[in-house]
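Structure data (mmCIF, C-alpha atoms) from final.cif:
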data_upload
loop_
_atom_site.label_atom_id
_atom_site.label_comp_id
_atom_site.auth_asym_id
_atom_site.auth_seq_id
_atom_site.Cartn_x
_atom_site.Cartn_y
_atom_site.Cartn_z
CA MET A 1 -111.44 -45.27 9.88
CA ALA A 2 -107.78 -45.01 10.84
CA GLU A 3 -106.78 -47.16 13.73
CA THR A 4 -105.42 -45.32 16.77
CA THR A 5 -101.82 -46.32 17.30
CA GLY A 6 -100.60 -43.29 19.16
CA ILE A 7 -101.63 -40.40 21.32
CA GLU A 8 -100.60 -36.80 21.42
CA VAL A 9 -99.96 -35.03 24.73
CA GLN A 10 -98.68 -31.57 25.62
CA VAL A 11 -95.43 -31.44 27.58
CA ASN A 12 -94.46 -27.98 28.84
CA GLY A 13 -96.70 -26.53 26.19
CA GLU A 14 -95.17 -28.55 23.30
CA PRO A 15 -96.98 -31.35 21.47
CA LEU A 16 -95.46 -34.81 21.78
CA SER A 17 -96.52 -38.10 20.19
CA LEU A 18 -96.41 -41.26 22.25
CA PRO A 19 -97.55 -44.85 21.78
CA ALA A 20 -101.00 -45.45 23.24
CA GLY A 21 -100.82 -46.69 26.81
CA SER A 22 -97.51 -44.96 27.61
CA THR A 23 -96.74 -44.27 31.25
CA ILE A 24 -94.95 -41.30 32.79
CA VAL A 25 -91.84 -43.45 33.23
CA GLU A 26 -91.87 -44.13 29.48
CA LEU A 27 -92.39 -40.43 28.74
CA LEU A 28 -89.39 -39.47 30.89
CA GLN A 29 -87.28 -42.18 29.22
CA LYS A 30 -88.23 -40.86 25.80
CA LEU A 31 -87.15 -37.38 26.93
CA SER A 32 -83.92 -38.77 28.50
CA LEU A 33 -84.83 -37.26 31.86
CA ASP A 34 -83.66 -38.55 35.21
CA SER A 35 -86.85 -39.08 37.18
CA ARG A 36 -85.05 -38.31 40.45
CA ARG A 37 -84.37 -34.78 39.22
CA VAL A 38 -87.82 -33.79 37.99
CA ALA A 39 -91.39 -33.40 39.18
CA VAL A 40 -94.36 -34.11 36.96
CA GLU A 41 -97.78 -32.51 36.95
CA LEU A 42 -100.54 -34.19 34.95
CA ASN A 43 -103.62 -32.10 34.20
CA LEU A 44 -102.81 -29.80 37.16
CA ARG A 45 -102.22 -32.65 39.63
CA VAL A 46 -98.72 -33.48 40.85
CA VAL A 47 -98.04 -37.18 40.28
CA PRO A 48 -95.84 -38.59 43.05
CA ARG A 49 -92.68 -40.27 41.76
CA GLY A 50 -93.83 -43.63 43.04
CA GLU A 51 -96.83 -43.53 40.73
CA HIS A 52 -94.94 -42.70 37.54
CA GLY A 53 -94.76 -46.34 36.49
CA ALA A 54 -98.47 -46.96 36.88
CA GLN A 55 -99.78 -43.66 35.57
CA ARG A 56 -100.84 -44.11 31.93
CA LEU A 57 -101.26 -41.13 29.67
CA ASN A 58 -104.27 -40.32 27.53
CA HIS A 59 -104.64 -38.36 24.32
CA GLY A 60 -104.83 -34.64 25.10
CA ASP A 61 -103.21 -34.86 28.53
CA ARG A 62 -101.34 -31.75 29.59
CA LEU A 63 -98.11 -32.29 31.48
CA GLU A 64 -95.62 -30.02 33.19
CA VAL A 65 -92.16 -31.43 33.79
CA VAL A 66 -90.08 -29.22 36.07
CA THR A 67 -86.69 -29.24 37.71
CA PHE A 68 -84.67 -26.98 39.98
CA VAL A 69 -82.68 -24.14 38.47
CA GLY A 70 -80.56 -21.41 40.00
CA GLY A 71 -82.49 -18.65 41.67
CA GLY A 72 -82.64 -16.45 44.70
CA ALA A 73 -85.76 -14.46 44.33
CA CYS A 74 -87.85 -13.77 41.30
CA MET B 1 -71.79 -17.78 75.07
CA GLY B 2 -74.52 -20.39 74.90
CA SER B 3 -76.05 -21.91 71.84
CA ASP B 4 -77.61 -19.31 69.59
CA SER B 5 -78.94 -21.17 66.62
CA LEU B 6 -81.83 -20.19 64.40
CA VAL B 7 -84.77 -22.54 64.71
CA ILE B 8 -87.46 -22.53 62.03
CA ALA B 9 -90.38 -24.94 62.35
CA GLY B 10 -88.36 -27.08 64.74
CA ARG B 11 -85.30 -27.32 62.48
CA GLU B 12 -82.10 -25.98 63.94
CA LEU B 13 -79.91 -24.06 61.51
CA ARG B 14 -76.27 -23.48 62.37
CA SER B 15 -76.04 -20.42 60.16
CA ARG B 16 -78.26 -17.35 60.11
CA LEU B 17 -77.33 -16.72 56.50
CA ILE B 18 -79.50 -18.24 53.78
CA VAL B 19 -78.16 -18.12 50.23
CA GLY B 20 -79.40 -18.52 46.67
CA THR B 21 -78.29 -20.31 43.52
CA GLY B 22 -78.96 -17.75 40.77
CA LYS B 23 -76.71 -15.50 38.67
CA TYR B 24 -73.39 -17.18 39.58
CA PRO B 25 -70.68 -17.15 36.88
CA SER B 26 -70.46 -20.96 37.12
CA PHE B 27 -71.67 -23.92 39.18
CA GLN B 28 -68.12 -24.32 40.46
CA ILE B 29 -67.99 -20.78 41.87
CA MET B 30 -71.49 -21.18 43.29
CA SER B 31 -70.46 -24.31 45.10
CA GLU B 32 -67.33 -22.66 46.54
CA ALA B 33 -69.34 -19.60 47.60
CA HIS B 34 -71.90 -21.81 49.33
CA GLU B 35 -69.12 -23.48 51.25
CA ALA B 36 -67.58 -20.13 52.22
CA SER B 37 -70.94 -18.71 53.32
CA GLY B 38 -71.40 -21.40 55.94
CA ALA B 39 -75.11 -21.45 55.09
CA ASP B 40 -77.08 -24.63 55.65
CA LEU B 41 -80.19 -23.58 53.76
CA VAL B 42 -80.16 -22.73 50.05
CA THR B 43 -82.99 -21.54 47.86
CA VAL B 44 -83.64 -22.82 44.33
CA ALA B 45 -86.18 -21.95 41.64
CA VAL B 46 -88.62 -24.38 40.05
CA ARG B 47 -88.81 -24.20 36.26
CA ARG B 48 -89.99 -26.20 33.27
CA VAL B 49 -87.35 -28.56 31.91
CA ASP B 50 -86.14 -27.09 28.62
CA LEU B 51 -86.89 -29.94 26.24
CA GLN B 52 -84.94 -28.37 23.35
CA HIS B 53 -81.73 -27.28 25.05
CA ARG B 54 -80.95 -29.54 27.94
CA GLY B 55 -77.50 -29.14 29.43
CA PRO B 56 -75.68 -32.14 30.84
CA GLU B 57 -75.41 -30.51 34.26
CA ASN B 58 -78.14 -30.28 36.84
CA LEU B 59 -78.10 -27.68 39.59
CA LEU B 60 -78.59 -30.34 42.26
CA ASP B 61 -75.30 -31.98 41.25
CA HIS B 62 -73.59 -28.86 42.57
CA ILE B 63 -75.31 -28.51 45.91
CA ASP B 64 -73.93 -30.42 48.85
CA THR B 65 -77.31 -31.68 50.04
CA LYS B 66 -75.72 -33.49 52.96
CA ARG B 67 -74.67 -30.12 54.36
CA MET B 68 -77.34 -27.80 52.92
CA ALA B 69 -81.10 -28.19 52.88
CA ILE B 70 -82.99 -27.20 49.74
CA LEU B 71 -85.55 -24.42 49.97
CA PRO B 72 -87.60 -24.39 46.75
CA ASN B 73 -89.04 -20.97 45.91
CA THR B 74 -91.98 -19.73 43.88
CA ALA B 75 -90.07 -16.90 42.23
CA ALA B 76 -91.80 -15.16 39.33
CA CYS B 77 -95.27 -16.32 40.37
CA TYR B 78 -97.79 -13.51 40.03
CA THR B 79 -100.88 -15.18 41.48
CA ALA B 80 -101.58 -17.30 44.55
CA GLU B 81 -102.66 -20.15 42.26
CA GLU B 82 -99.37 -20.16 40.34
CA ALA B 83 -97.41 -20.03 43.57
CA VAL B 84 -99.34 -22.92 45.13
CA ARG B 85 -98.90 -25.00 41.98
CA THR B 86 -95.18 -24.26 41.90
CA ALA B 87 -94.79 -25.05 45.60
CA ARG B 88 -96.43 -28.45 45.11
CA LEU B 89 -94.08 -29.25 42.22
CA GLY B 90 -91.09 -28.02 44.23
CA ARG B 91 -92.05 -30.34 47.06
CA GLU B 92 -92.20 -33.31 44.71
CA ALA B 93 -88.92 -32.40 42.97
CA GLY B 94 -87.00 -31.77 46.15
CA LEU B 95 -88.72 -33.98 48.67
CA SER B 96 -88.82 -30.96 50.94
CA HIS B 97 -92.02 -29.52 52.29
CA TRP B 98 -90.40 -26.15 52.91
CA VAL B 99 -91.14 -23.30 50.54
CA LYS B 100 -89.88 -19.76 50.13
CA LEU B 101 -93.18 -18.32 49.05
CA GLU B 102 -93.21 -15.45 46.60
CA VAL B 103 -96.27 -13.91 45.02
CA ILE B 104 -95.08 -10.93 43.04
CA GLY B 105 -97.37 -7.99 42.36
CA ASP B 106 -95.33 -5.60 40.25
CA GLU B 107 -92.76 -6.21 37.54
CA LYS B 108 -90.72 -3.07 38.05
CA THR B 109 -90.21 -3.32 41.80
CA LEU B 110 -90.89 -7.05 42.25
CA TYR B 111 -92.85 -6.05 45.32
CA PRO B 112 -94.94 -8.79 46.89
CA ASP B 113 -98.68 -8.96 46.28
CA VAL B 114 -99.59 -9.34 49.93
CA GLU B 115 -103.20 -10.31 49.23
CA GLY B 116 -102.10 -13.23 47.06
CA LEU B 117 -99.32 -14.04 49.51
CA LEU B 118 -101.74 -14.43 52.40
CA ALA B 119 -104.09 -16.58 50.34
CA ALA B 120 -101.25 -18.84 49.18
CA THR B 121 -99.84 -19.07 52.71
CA ARG B 122 -103.19 -20.27 54.07
CA THR B 123 -103.55 -22.90 51.34
CA LEU B 124 -100.03 -24.25 51.68
CA VAL B 125 -100.07 -24.34 55.49
CA LYS B 126 -103.23 -26.45 55.26
CA GLU B 127 -101.35 -28.82 52.95
CA GLY B 128 -98.57 -29.26 55.49
CA PHE B 129 -95.95 -26.96 54.00
CA VAL B 130 -93.47 -25.01 56.09
CA VAL B 131 -94.11 -21.61 54.54
CA LEU B 132 -91.52 -18.83 54.53
CA PRO B 133 -93.18 -15.88 52.79
CA TYR B 134 -91.24 -13.07 51.13
CA THR B 135 -93.17 -9.99 52.17
CA THR B 136 -93.13 -6.23 52.52
CA ASP B 137 -91.63 -4.62 55.62
CA ASP B 138 -95.14 -4.06 56.91
CA VAL B 139 -95.95 -4.97 60.48
CA VAL B 140 -99.65 -5.57 59.80
CA VAL B 141 -98.95 -7.97 56.94
CA ALA B 142 -96.31 -9.75 59.03
CA LYS B 143 -98.84 -10.33 61.82
CA LYS B 144 -101.41 -11.62 59.35
CA LEU B 145 -98.86 -14.01 57.85
CA GLU B 146 -98.00 -15.32 61.30
CA ASP B 147 -101.69 -15.80 62.05
CA ALA B 148 -102.02 -17.65 58.74
CA GLY B 149 -99.41 -20.14 59.94
CA ALA B 150 -96.20 -18.91 58.31
CA ALA B 151 -93.14 -20.52 59.92
CA ALA B 152 -91.15 -17.27 59.52
CA VAL B 153 -91.71 -13.92 57.88
CA MET B 154 -89.24 -12.57 55.35
CA PRO B 155 -89.59 -8.80 54.92
CA LEU B 156 -87.60 -7.10 52.20
CA GLY B 157 -84.87 -4.65 53.10
CA ALA B 158 -85.07 -3.10 49.63
CA PRO B 159 -86.26 -4.36 46.22
CA ILE B 160 -84.92 -7.73 45.05
CA GLY B 161 -81.49 -7.42 43.44
CA SER B 162 -81.29 -3.67 44.11
CA GLY B 163 -78.42 -3.82 46.60
CA LEU B 164 -79.78 -0.71 48.30
CA GLY B 165 -79.46 -2.02 51.85
CA ILE B 166 -82.07 -1.76 54.58
CA GLN B 167 -84.24 1.18 53.53
CA ASN B 168 -86.51 1.32 56.55
CA ARG B 169 -84.81 0.19 59.72
CA ILE B 170 -87.76 1.09 61.91
CA ASN B 171 -90.06 -1.19 59.91
CA ILE B 172 -87.73 -4.17 60.32
CA GLN B 173 -87.62 -3.52 64.07
CA LEU B 174 -91.40 -3.16 64.25
CA VAL B 175 -91.88 -6.45 62.41
CA LYS B 176 -89.44 -8.15 64.77
CA GLU B 177 -91.31 -6.80 67.79
CA ALA B 178 -94.70 -7.82 66.45
CA VAL B 179 -94.23 -11.51 65.62
CA ARG B 180 -92.97 -14.54 67.50
CA VAL B 181 -91.84 -16.47 64.43
CA PRO B 182 -88.33 -15.80 63.09
CA VAL B 183 -87.83 -12.69 60.94
CA ILE B 184 -85.51 -13.17 57.97
CA VAL B 185 -84.57 -10.09 55.98
CA ASP B 186 -84.96 -11.22 52.38
CA ALA B 187 -83.76 -9.00 49.52
CA GLY B 188 -81.98 -5.69 49.30
CA VAL B 189 -78.58 -6.52 50.75
CA GLY B 190 -75.77 -5.05 48.63
CA THR B 191 -72.70 -5.49 50.77
CA ALA B 192 -71.58 -6.89 54.09
CA SER B 193 -72.53 -3.89 56.23
CA ASP B 194 -76.15 -4.18 55.01
CA ALA B 195 -76.30 -7.71 56.38
CA THR B 196 -74.79 -6.55 59.65
CA VAL B 197 -77.37 -3.77 59.93
CA ALA B 198 -80.18 -6.25 59.38
CA MET B 199 -78.86 -8.46 62.17
CA GLU B 200 -78.22 -5.51 64.49
CA LEU B 201 -81.86 -4.53 64.09
CA GLY B 202 -82.76 -7.89 65.58
CA ALA B 203 -83.47 -9.91 62.46
CA ASP B 204 -83.09 -13.63 63.06
CA GLY B 205 -81.43 -14.18 59.72
CA VAL B 206 -80.69 -12.77 56.27
CA LEU B 207 -81.39 -14.29 52.88
CA MET B 208 -79.40 -13.07 49.90
CA ASN B 209 -78.43 -14.11 46.41
CA THR B 210 -77.35 -11.30 44.10
CA ALA B 211 -75.00 -9.58 46.56
CA ILE B 212 -72.83 -12.70 46.59
CA ALA B 213 -73.41 -14.10 43.11
CA LEU B 214 -72.70 -10.87 41.22
CA ALA B 215 -69.83 -9.63 43.39
CA LYS B 216 -66.52 -9.47 41.52
CA GLU B 217 -65.30 -12.28 43.75
CA PRO B 218 -68.34 -14.24 44.88
CA VAL B 219 -66.41 -16.61 47.16
CA ARG B 220 -64.73 -13.75 49.01
CA MET B 221 -68.06 -11.93 49.33
CA ALA B 222 -69.67 -15.09 50.70
CA THR B 223 -66.97 -15.14 53.38
CA ALA B 224 -67.62 -11.45 54.11
CA MET B 225 -71.35 -12.10 54.44
CA ARG B 226 -70.79 -14.98 56.83
CA LYS B 227 -68.71 -12.73 59.07
CA ALA B 228 -71.12 -9.80 58.66
CA VAL B 229 -74.11 -11.85 59.78
CA GLU B 230 -72.17 -13.21 62.75
CA ALA B 231 -70.91 -9.74 63.69
CA GLY B 232 -74.37 -8.21 63.47
CA ARG B 233 -75.87 -10.99 65.54
CA ASP B 234 -73.21 -10.64 68.25
CA ALA B 235 -73.62 -6.86 68.32
CA TYR B 236 -77.38 -7.25 68.67
CA LEU B 237 -77.01 -9.73 71.54
CA ALA B 238 -74.29 -7.65 73.21
CA GLY B 239 -76.57 -4.60 73.24
CA ARG B 240 -75.42 -1.38 71.69
CA ILE B 241 -74.87 1.82 73.68
CA PRO B 242 -77.50 4.53 73.45
CA ARG B 243 -77.01 7.24 70.86
CA LYS B 244 -76.11 10.64 72.33
CA MET B 245 -75.97 14.10 70.83
CA TYR B 246 -72.60 15.11 72.32
CA ALA B 247 -69.23 13.58 73.07
CA SER B 248 -68.48 11.65 76.20
CA ALA B 249 -64.77 11.12 76.95
CA SER B 250 -63.47 7.61 77.47
CA SER B 251 -60.38 8.65 79.44
CA PRO B 252 -60.29 10.08 82.99
CA LEU B 253 -60.61 13.84 83.26
CA ASP B 254 -58.38 13.93 86.34
CA GLY B 255 -54.59 14.04 86.19
CA VAL B 256 -54.24 15.53 82.73
CA VAL B 257 -50.56 16.53 82.27
CA GLY B 258 -49.79 20.19 82.93
CA ARG B 259 -53.30 21.09 84.09
#
As structure tokens, what does this structure read like?
Amino acid sequence: MAETTGIEVQVNGEPLSLPAGSTIVELLQKLSLDSRRVAVELNLRVVPRGEHGAQRLNHGDRLEVVTFVGGGAC
Amino acid sequence: MGSDSLVIAGRELRSRLIVGTGKYPSFQIMSEAHEASGADLVTVAVRRVDLQHRGPENLLDHIDTKRMAILPNTAACYTAEEAVRTARLGREAGLSHWVKLEVIGDEKTLYPDVEGLLAATRTLVKEGFVVLPYTTDDVVVAKKLEDAGAAAVMPLGAPIGSGLGIQNRINIQLVKEAVRVPVIVDAGVGTASDATVAMELGADGVLMNTAIALAKEPVRMATAMRKAVEAGRDAYLAGRIPRKMYASASSPLDGVVGR
């Protein structure tokens, strides 16, 4: 049986491989994202910025990473 | 003249003009237009980070957040659930618990789905949000939104981005009469006189994006809109004369030369 060395998560609908035990901080680093500019939802729950370092990811987790873009209405 | 500032949920705004961040030719022009508008509240959309094509520039780098407060919106949400989810993410991204709530019901007109809007308003108010719902110019819906805890109601003047101006002046006046919370006309403004009309009808403020961003000279239009909103507000407070069917001379009728 193959040993599990990594996990796969979905970020904004795209698959992404990460080392097992990765946190949200590590995910954002891998994506070169400034954590002060984004918000992260993990399995439909918003994870406050202060918890990004402690929040570990599991295989199959679904994440949304959002930021602000220009818009007025719709 | 005493102080006449717009107060929403206890926050005092110096300007009655609220602006957007979409459709500008560049961040630089947007930033200059914001400055010219005098607005101290600016709406932004919440979207997935594009993991493939990430530009070096972030919208927030071009908003003077010391001068302007961020108002995240739920644009393009078609259900209450989507809007609530987006509002929660916007709060986390912007550290602001204010939301311009949109629940859209129709792709062609971008008219609000008022059923979903009411449901989302109730949920978000319970969660401590200051909710500013984009709604129809319908007095019954406005009253229901106020009862649901909305901090302001934002009836449309005309469809989003249409530039048609205030299509139903009576409805805007009826909404203003019916609710105690501020009434912000949101959507439909095409040019400065439209903003003035909205303010003359008694609106407490005007929110616009396209009319400034897609003008040939956005910065100049932002200046025009600032003046238009101020002019309309002053005219409203000053009290217009009644409309009459026939002329009424301004000069004395006595002493006319040769008569």
Checklist line | Residues of chain A within 12 Å of chain B, only C-alpha atoms counted, as number ranges by chain | finding: A: 10-16, 28, 30-51, 63-74
Prev. selection, C-alpha atoms, output as an mmCIF file, in the frame of the given file:
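That gives us part-v5.cif:
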data_model
loop_
_atom_site.group_PDB
_atom_site.id
_atom_site.type_symbol
_atom_site.label_atom_id
_atom_site.label_comp_id
_atom_site.auth_asym_id
_atom_site.auth_seq_id
_atom_site.Cartn_x
_atom_site.Cartn_y
_atom_site.Cartn_z
ATOM 1 C CA GLN A 10 -98.680 -31.570 25.620
ATOM 2 C CA VAL A 11 -95.430 -31.440 27.580
ATOM 3 C CA ASN A 12 -94.460 -27.980 28.840
ATOM 4 C CA GLY A 13 -96.700 -26.530 26.190
ATOM 5 C CA GLU A 14 -95.170 -28.550 23.300
ATOM 6 C CA PRO A 15 -96.980 -31.350 21.470
ATOM 7 C CA LEU A 16 -95.460 -34.810 21.780
ATOM 8 C CA LEU A 28 -89.390 -39.470 30.890
ATOM 9 C CA LYS A 30 -88.230 -40.860 25.800
ATOM 10 C CA LEU A 31 -87.150 -37.380 26.930
ATOM 11 C CA SER A 32 -83.920 -38.770 28.500
ATOM 12 C CA LEU A 33 -84.830 -37.260 31.860
ATOM 13 C CA ASP A 34 -83.660 -38.550 35.210
ATOM 14 C CA SER A 35 -86.850 -39.080 37.180
ATOM 15 C CA ARG A 36 -85.050 -38.310 40.450
ATOM 16 C CA ARG A 37 -84.370 -34.780 39.220
ATOM 17 C CA VAL A 38 -87.820 -33.790 37.990
ATOM 18 C CA ALA A 39 -91.390 -33.400 39.180
ATOM 19 C CA VAL A 40 -94.360 -34.110 36.960
ATOM 20 C CA GLU A 41 -97.780 -32.510 36.950
ATOM 21 C CA LEU A 42 -100.540 -34.190 34.950
ATOM 22 C CA ASN A 43 -103.620 -32.100 34.200
ATOM 23 C CA LEU A 44 -102.810 -29.800 37.160
ATOM 24 C CA ARG A 45 -102.220 -32.650 39.630
ATOM 25 C CA VAL A 46 -98.720 -33.480 40.850
ATOM 26 C CA VAL A 47 -98.040 -37.180 40.280
ATOM 27 C CA PRO A 48 -95.840 -38.590 43.050
ATOM 28 C CA ARG A 49 -92.680 -40.270 41.760
ATOM 29 C CA GLY A 50 -93.830 -43.630 43.040
ATOM 30 C CA GLU A 51 -96.830 -43.530 40.730
ATOM 31 C CA LEU A 63 -98.110 -32.290 31.480
ATOM 32 C CA GLU A 64 -95.620 -30.020 33.190
ATOM 33 C CA VAL A 65 -92.160 -31.430 33.790
ATOM 34 C CA VAL A 66 -90.080 -29.220 36.070
ATOM 35 C CA THR A 67 -86.690 -29.240 37.710
ATOM 36 C CA PHE A 68 -84.670 -26.980 39.980
ATOM 37 C CA VAL A 69 -82.680 -24.140 38.470
ATOM 38 C CA GLY A 70 -80.560 -21.410 40.000
ATOM 39 C CA GLY A 71 -82.490 -18.650 41.670
ATOM 40 C CA GLY A 72 -82.640 -16.450 44.700
ATOM 41 C CA ALA A 73 -85.760 -14.460 44.330
ATOM 42 C CA CYS A 74 -87.850 -13.770 41.300
#
Notebook entry, point to check: In Å, how far is it from atom CA of His52 of chain A to atom CA of Thr23 of chain A?
Noted result: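 Going from atom CA of His52 of chain A over to atom CA of Thr23 of chain A, I get 6.7 Å.
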Notebook entry, point to check: How many Å separate atom CA of Met225 of chain B from atom CA of Ala195 of chain B?
Noted result: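 Interatomic distance here is 6.9 Å.
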Notebook entry, point to check: How far is it from atom CA of Ala69 of chain B to atom CA of His34 of chain B, in Å with one decimal?
Noted result: 11.7 Å
Notebook entry, point to check: Leaving out Pro25 of chain B and any residue of its chain fewer than 6 positions from it, which residues lie within 12 Å of it when counting only C-alpha atoms, given as a PyMOL selection string?
Noted result: (chain A and resi 70) or (chain B and resi 31-33+210+212-219)
Note to self: Given the PyMOL selection byres ((chain B and resi 237) around 12) and the file above, list the residues it selects as a list in words.
What the structure shows: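 Expected selection for the PyMOL selection byres ((chain B and resi 237) around 12) here is Met1, Gly2, Asp4, Met199, Glu200, Leu201, Gly202, Ala203, Asp204, Glu230, Ala231, Gly232, Arg233, Asp234, Ala235, Tyr236, Ala238, Gly239, Arg240 and Ile241 of chain B.
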Written selection (C-alpha atoms) as a compact mmCIF listing (two decimals), in the coordinates of the input:
# COMPACT_ATOMS: atom_id res chain seq x y z
CA MET B 1 -71.79 -17.78 75.07
CA GLY B 2 -74.52 -20.39 74.90
CA ASP B 4 -77.61 -19.31 69.59
CA MET B 199 -78.86 -8.46 62.17
CA GLU B 200 -78.22 -5.51 64.49
CA LEU B 201 -81.86 -4.53 64.09
CA GLY B 202 -82.76 -7.89 65.58
CA ALA B 203 -83.47 -9.91 62.46
CA ASP B 204 -83.09 -13.63 63.06
CA GLU B 230 -72.17 -13.21 62.75
CA ALA B 231 -70.91 -9.74 63.69
CA GLY B 232 -74.37 -8.21 63.47
CA ARG B 233 -75.87 -10.99 65.54
CA ASP B 234 -73.21 -10.64 68.25
CA ALA B 235 -73.62 -6.86 68.32
CA TYR B 236 -77.38 -7.25 68.67
CA ALA B 238 -74.29 -7.65 73.21
CA GLY B 239 -76.57 -4.60 73.24
CA ARG B 240 -75.42 -1.38 71.69
CA ILE B 241 -74.87 1.82 73.68
Using all atoms of segment 208-226 of chain B that appear in the file, construct an axis-aligned enclosing box with 8 Å of padding on every side and provide its centre coordinates and edge lengths in Å, rounded to one decimal, as AutoDock Vina command-line options.
--center_x -72.1 --center_y -13.0 --center_z 49.0 --size_x 30.7 --size_y 23.1 --size_z 31.6
Item checked: From B:Val130, B:Leu145, B:Val7, B:Val183, residue lying nearest Val114 of chain B [all atoms listed in the file] ->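 For Val114 of chain B, the nearest of the candidates is B:Leu145.
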Could you give me segment 12-32 of chain A completed to N, CA and C atoms, formatted as a JSON list (two decimals), in the coordinates of the input?
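Generated file (out_1.json):
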[["chain", "number", "residue", "atom", "x", "y", "z"],
["A", 12, "ASN", "N", -94.96, -29.36, 28.71],
["A", 12, "ASN", "CA", -94.46, -27.98, 28.84],
["A", 12, "ASN", "C", -94.90, -27.13, 27.65],
["A", 13, "GLY", "N", -96.12, -27.34, 27.25],
["A", 13, "GLY", "CA", -96.70, -26.53, 26.19],
["A", 13, "GLY", "C", -96.38, -27.00, 24.77],
["A", 14, "GLU", "N", -95.55, -28.05, 24.64],
["A", 14, "GLU", "CA", -95.17, -28.55, 23.30],
["A", 14, "GLU", "C", -95.87, -29.88, 23.03],
["A", 15, "PRO", "N", -96.34, -30.07, 21.80],
["A", 15, "PRO", "CA", -96.98, -31.35, 21.47],
["A", 15, "PRO", "C", -95.95, -32.48, 21.38],
["A", 16, "LEU", "N", -96.37, -33.66, 21.82],
["A", 16, "LEU", "CA", -95.46, -34.81, 21.78],
["A", 16, "LEU", "C", -96.29, -36.07, 21.49],
["A", 17, "SER", "N", -95.81, -36.86, 20.53],
["A", 17, "SER", "CA", -96.52, -38.10, 20.19],
["A", 17, "SER", "C", -95.94, -39.26, 20.97],
["A", 18, "LEU", "N", -96.83, -40.09, 21.46],
["A", 18, "LEU", "CA", -96.41, -41.26, 22.25],
["A", 18, "LEU", "C", -97.25, -42.46, 21.82],
["A", 19, "PRO", "N", -96.71, -43.67, 22.02],
["A", 19, "PRO", "CA", -97.55, -44.85, 21.78],
["A", 19, "PRO", "C", -98.70, -44.88, 22.78],
["A", 20, "ALA", "N", -99.85, -45.35, 22.32],
["A", 20, "ALA", "CA", -101.00, -45.45, 23.24],
["A", 20, "ALA", "C", -100.60, -46.28, 24.44],
["A", 21, "GLY", "N", -101.09, -45.91, 25.60],
["A", 21, "GLY", "CA", -100.82, -46.69, 26.81],
["A", 21, "GLY", "C", -99.51, -46.35, 27.49],
["A", 22, "SER", "N", -98.79, -45.32, 26.98],
["A", 22, "SER", "CA", -97.51, -44.96, 27.61],
["A", 22, "SER", "C", -97.71, -44.48, 29.04],
["A", 23, "THR", "N", -96.71, -44.75, 29.87],
["A", 23, "THR", "CA", -96.74, -44.27, 31.25],
["A", 23, "THR", "C", -95.80, -43.06, 31.38],
["A", 24, "ILE", "N", -95.85, -42.45, 32.56],
["A", 24, "ILE", "CA", -94.95, -41.30, 32.79],
["A", 24, "ILE", "C", -93.49, -41.75, 32.76],
["A", 25, "VAL", "N", -93.21, -42.93, 33.28],
["A", 25, "VAL", "CA", -91.84, -43.45, 33.23],
["A", 25, "VAL", "C", -91.36, -43.51, 31.78],
["A", 26, "GLU", "N", -92.25, -44.01, 30.90],
["A", 26, "GLU", "CA", -91.87, -44.13, 29.48],
["A", 26, "GLU", "C", -91.69, -42.75, 28.84],
["A", 27, "LEU", "N", -92.53, -41.80, 29.25],
["A", 27, "LEU", "CA", -92.39, -40.43, 28.74],
["A", 27, "LEU", "C", -91.03, -39.86, 29.14],
["A", 28, "LEU", "N", -90.66, -40.03, 30.41],
["A", 28, "LEU", "CA", -89.39, -39.47, 30.89],
["A", 28, "LEU", "C", -88.20, -40.15, 30.21],
["A", 29, "GLN", "N", -88.35, -41.47, 29.95],
["A", 29, "GLN", "CA", -87.28, -42.18, 29.22],
["A", 29, "GLN", "C", -87.13, -41.62, 27.82],
["A", 30, "LYS", "N", -88.26, -41.39, 27.16],
["A", 30, "LYS", "CA", -88.23, -40.86, 25.80],
["A", 30, "LYS", "C", -87.54, -39.49, 25.78],
["A", 31, "LEU", "N", -87.74, -38.71, 26.86],
["A", 31, "LEU", "CA", -87.15, -37.38, 26.93],
["A", 31, "LEU", "C", -85.74, -37.41, 27.55],
["A", 32, "SER", "N", -85.24, -38.60, 27.85],
["A", 32, "SER", "CA", -83.92, -38.77, 28.50],
["A", 32, "SER", "C", -83.81, -37.96, 29.79]]
